[in-house]
Amino acid sequence: MANILVVDDEPDVLEALARALRIAGHNVSTAPDATQALALSAEHSFDVVVLDYLMPSMTGIELLNRIRTYHPTIRSVIVSGKIDTQVNEESITTELRDRIEADIYLHKPLENPKLLQAISELLARNETSEWASIAERNLHAKKKQADVRAAESALDKLRIDKDR
């Protein structure tokens with residue numbers, strides 16, 4: 001049994017995902033938007049987050065990165081019906097994990113057995129290797145922040161030179 005946060009802006013999908021996970025014995029919290037998901041993340045501990053990829057206020061990836069400030073070891077499943085179905089879920093999962101730091105991608109409409117299998121796989125992962133992955137992800141994020149700071153510094157220098 002795991003503590004799972006499900007975030008989706010479509011009420012029917014949100015309820016269906018939550019119901020399937022509850023029937024499987026998990027403790028499930030739901031949020032219809034990023035604001036509520038962040039509030040829940042600040043107050044509660046979650047093992048897994050299931051996120052819609054496209055939501056009104058921010059993408060599921062942006063939300064995942066914000067949730068990870070509270071829960072750096074949280075595992076993630078990104079679901080979307082908006083990504084081309086011709087693309088293999090496994091290749092998208094690899095790209096999300098490598099480039100965007102999500103763990104698994106699943107395409108909507110989502111079959112309950114597929115979701116439950118993904119959750120089981122995530123929960124079975126070795127904690128030691130998970131910490132190594134988290135350290136690598138944090139290092140990658142810090143490098144991105146350093147690159148942004150360097151770009152901002154260069155822009156500030158250009159503005160100062162322009163004002164002279």
# chains A, B, ... in the order shown; residues from 1 in each chain; ligands from 1
>>> residues_around(residues="Ser76 of chain A", least_positions_apart="5", cutoff="9 Å", atoms="only C-alpha atoms", output="list of chain:residue names")
A:Asp47, A:Val48, A:Val49, A:Val50, A:Leu51, A:Leu64, A:Glu101, A:Ala102, A:Asp103, A:Ile104, A:Tyr105, A:Ile119, A:Leu122
>>> residues_around(residues="Ala118 of chain A", least_positions_apart="3", cutoff="12 Å", atoms="only C-alpha atoms", output="NGL selection string")
:A and (21 or 48-50 or 75-79 or 89-90 or 93 or 103-106 or 110-115 or 121-125)
>>> write_last_selection(atoms="N, CA and C atoms", output="tab-separated table (two decimals), in the first residue's frame")
chain	number	residue	atom	x	y	z
A	21	LEU	N	-7.01	3.03	-7.99
A	21	LEU	CA	-5.92	2.92	-7.03
A	21	LEU	C	-6.43	2.58	-5.62
A	48	VAL	N	4.09	8.17	-4.58
A	48	VAL	CA	3.92	8.25	-6.04
A	48	VAL	C	2.97	9.39	-6.36
A	49	VAL	N	3.24	10.07	-7.47
A	49	VAL	CA	2.31	11.06	-7.99
A	49	VAL	C	1.95	10.66	-9.42
A	50	VAL	N	0.65	10.70	-9.72
A	50	VAL	CA	0.15	10.42	-11.07
A	50	VAL	C	-0.36	11.76	-11.59
A	75	ARG	N	8.08	9.10	-6.78
A	75	ARG	CA	8.08	8.47	-8.09
A	75	ARG	C	6.90	9.05	-8.87
A	76	SER	N	6.99	9.01	-10.21
A	76	SER	CA	5.98	9.70	-11.00
A	76	SER	C	5.51	8.91	-12.20
A	77	VAL	N	4.21	9.09	-12.47
A	77	VAL	CA	3.59	8.56	-13.68
A	77	VAL	C	2.94	9.74	-14.37
A	78	ILE	N	3.34	10.01	-15.60
A	78	ILE	CA	2.74	11.08	-16.40
A	78	ILE	C	1.74	10.42	-17.34
A	79	VAL	N	0.50	10.94	-17.36
A	79	VAL	CA	-0.51	10.43	-18.28
A	79	VAL	C	-0.96	11.55	-19.21
A	89	GLU	N	5.00	4.14	-26.05
A	89	GLU	CA	5.02	4.59	-24.65
A	89	GLU	C	6.39	4.39	-24.02
A	90	GLU	N	7.06	3.29	-24.39
A	90	GLU	CA	8.37	3.01	-23.81
A	90	GLU	C	9.39	4.06	-24.21
A	93	THR	N	8.62	7.18	-22.28
A	93	THR	CA	9.04	7.00	-20.90
A	93	THR	C	10.54	7.22	-20.78
A	103	ASP	N	9.22	9.32	-14.33
A	103	ASP	CA	9.56	7.91	-14.32
A	103	ASP	C	8.87	7.09	-15.40
A	104	ILE	N	7.55	7.27	-15.54
A	104	ILE	CA	6.79	6.46	-16.49
A	104	ILE	C	5.76	7.34	-17.20
A	105	TYR	N	5.56	7.08	-18.49
A	105	TYR	CA	4.52	7.75	-19.27
A	105	TYR	C	3.47	6.71	-19.65
A	106	LEU	N	2.20	7.06	-19.50
A	106	LEU	CA	1.10	6.21	-19.96
A	106	LEU	C	0.13	7.06	-20.77
A	110	LEU	N	-6.57	5.38	-20.21
A	110	LEU	CA	-5.69	4.53	-19.43
A	110	LEU	C	-6.44	3.30	-18.93
A	111	GLU	N	-5.84	2.15	-19.16
A	111	GLU	CA	-6.42	0.90	-18.66
A	111	GLU	C	-5.94	0.68	-17.24
A	112	ASN	N	-6.86	0.33	-16.33
A	112	ASN	CA	-6.50	0.17	-14.92
A	112	ASN	C	-5.35	-0.81	-14.69
A	113	PRO	N	-5.33	-1.98	-15.35
A	113	PRO	CA	-4.20	-2.91	-15.10
A	113	PRO	C	-2.85	-2.29	-15.46
A	114	LYS	N	-2.82	-1.48	-16.50
A	114	LYS	CA	-1.57	-0.84	-16.91
A	114	LYS	C	-1.11	0.16	-15.85
A	115	LEU	N	-2.04	0.94	-15.31
A	115	LEU	CA	-1.71	1.89	-14.25
A	115	LEU	C	-1.22	1.15	-13.01
A	121	GLU	N	5.62	-1.39	-10.30
A	121	GLU	CA	7.02	-1.31	-10.74
A	121	GLU	C	7.75	-0.18	-10.03
A	122	LEU	N	7.11	0.96	-9.91
A	122	LEU	CA	7.75	2.10	-9.25
A	122	LEU	C	8.01	1.81	-7.78
A	123	LEU	N	7.05	1.18	-7.11
A	123	LEU	CA	7.20	0.88	-5.69
A	123	LEU	C	8.25	-0.20	-5.43
A	124	ALA	N	8.50	-1.05	-6.42
A	124	ALA	CA	9.46	-2.14	-6.26
A	124	ALA	C	10.91	-1.71	-6.52
A	125	ARG	N	11.11	-0.51	-7.00
A	125	ARG	CA	12.47	-0.07	-7.32
A	125	ARG	C	13.33	-0.02	-6.07
>>> select_by_dssp(residues="segment 29-58 of chain A", states="alpha helix (DSSP H)", output="list in words")
Ala34, Thr35, Gln36, Ala37, Leu38, Ala39, Leu40, Ser41, Ala42 and Glu43 of chain A
>>> write_last_selection(atoms="all heavy atoms", output="compact mmCIF listing (two decimals), in the first residue's frame")
# COMPACT_ATOMS: atom_id res chain seq x y z
N ALA A 34 -2.92 22.32 -10.23
CA ALA A 34 -1.58 22.42 -9.66
C ALA A 34 -1.57 23.08 -8.29
O ALA A 34 -0.84 22.65 -7.39
CB ALA A 34 -0.68 23.19 -10.62
N THR A 35 -2.39 24.09 -8.10
CA THR A 35 -2.42 24.80 -6.82
C THR A 35 -2.78 23.86 -5.68
O THR A 35 -2.11 23.84 -4.64
CB THR A 35 -3.41 25.98 -6.88
OG1 THR A 35 -3.02 26.84 -7.95
CG2 THR A 35 -3.42 26.75 -5.59
N GLN A 36 -3.83 23.08 -5.86
CA GLN A 36 -4.25 22.15 -4.82
C GLN A 36 -3.23 21.02 -4.64
O GLN A 36 -2.99 20.56 -3.53
CB GLN A 36 -5.64 21.59 -5.13
CG GLN A 36 -6.72 22.64 -4.93
CD GLN A 36 -8.12 22.05 -5.12
OE1 GLN A 36 -8.37 20.92 -4.78
NE2 GLN A 36 -9.00 22.87 -5.66
N ALA A 37 -2.62 20.60 -5.74
CA ALA A 37 -1.61 19.54 -5.65
C ALA A 37 -0.41 20.02 -4.82
O ALA A 37 0.11 19.28 -3.99
CB ALA A 37 -1.16 19.12 -7.04
N LEU A 38 0.01 21.25 -5.04
CA LEU A 38 1.13 21.80 -4.29
C LEU A 38 0.79 21.94 -2.81
O LEU A 38 1.61 21.66 -1.93
CB LEU A 38 1.58 23.13 -4.87
CG LEU A 38 2.27 23.03 -6.23
CD1 LEU A 38 2.47 24.41 -6.83
CD2 LEU A 38 3.60 22.30 -6.09
N ALA A 39 -0.44 22.36 -2.51
CA ALA A 39 -0.86 22.48 -1.12
C ALA A 39 -0.86 21.11 -0.43
O ALA A 39 -0.37 20.97 0.70
CB ALA A 39 -2.25 23.12 -1.04
N LEU A 40 -1.37 20.10 -1.11
CA LEU A 40 -1.36 18.74 -0.55
C LEU A 40 0.06 18.23 -0.36
O LEU A 40 0.38 17.60 0.65
CB LEU A 40 -2.14 17.78 -1.45
CG LEU A 40 -3.66 17.89 -1.41
CD1 LEU A 40 -4.29 17.09 -2.54
CD2 LEU A 40 -4.18 17.42 -0.06
N SER A 41 0.94 18.53 -1.31
CA SER A 41 2.33 18.09 -1.23
C SER A 41 3.06 18.72 -0.05
O SER A 41 3.95 18.11 0.53
CB SER A 41 3.08 18.44 -2.52
OG SER A 41 2.54 17.73 -3.59
N ALA A 42 2.70 19.95 0.26
CA ALA A 42 3.34 20.64 1.38
C ALA A 42 2.90 20.05 2.72
O ALA A 42 3.64 20.10 3.70
CB ALA A 42 3.01 22.13 1.32
N GLU A 43 1.70 19.47 2.75
CA GLU A 43 1.13 18.98 4.00
C GLU A 43 1.28 17.48 4.23
O GLU A 43 1.24 17.03 5.36
CB GLU A 43 -0.36 19.32 4.05
CG GLU A 43 -0.66 20.80 4.06
CD GLU A 43 -2.14 21.10 3.95
OE1 GLU A 43 -2.96 20.16 4.12
OE2 GLU A 43 -2.48 22.27 3.70
>>> atom_distance(atom1="atom CA of Leu116 of chain A", atom2="atom CA of Asp9 of chain A")
20.6 Å
>>> atom_distance(atom1="atom CA of Leu5 of chain A", atom2="atom CA of Thr30 of chain A")
5.7 Å
>>> atom_distance(atom1="atom CA of Met1 of chain A", atom2="atom CA of Glu15 of chain A")
18.7 Å
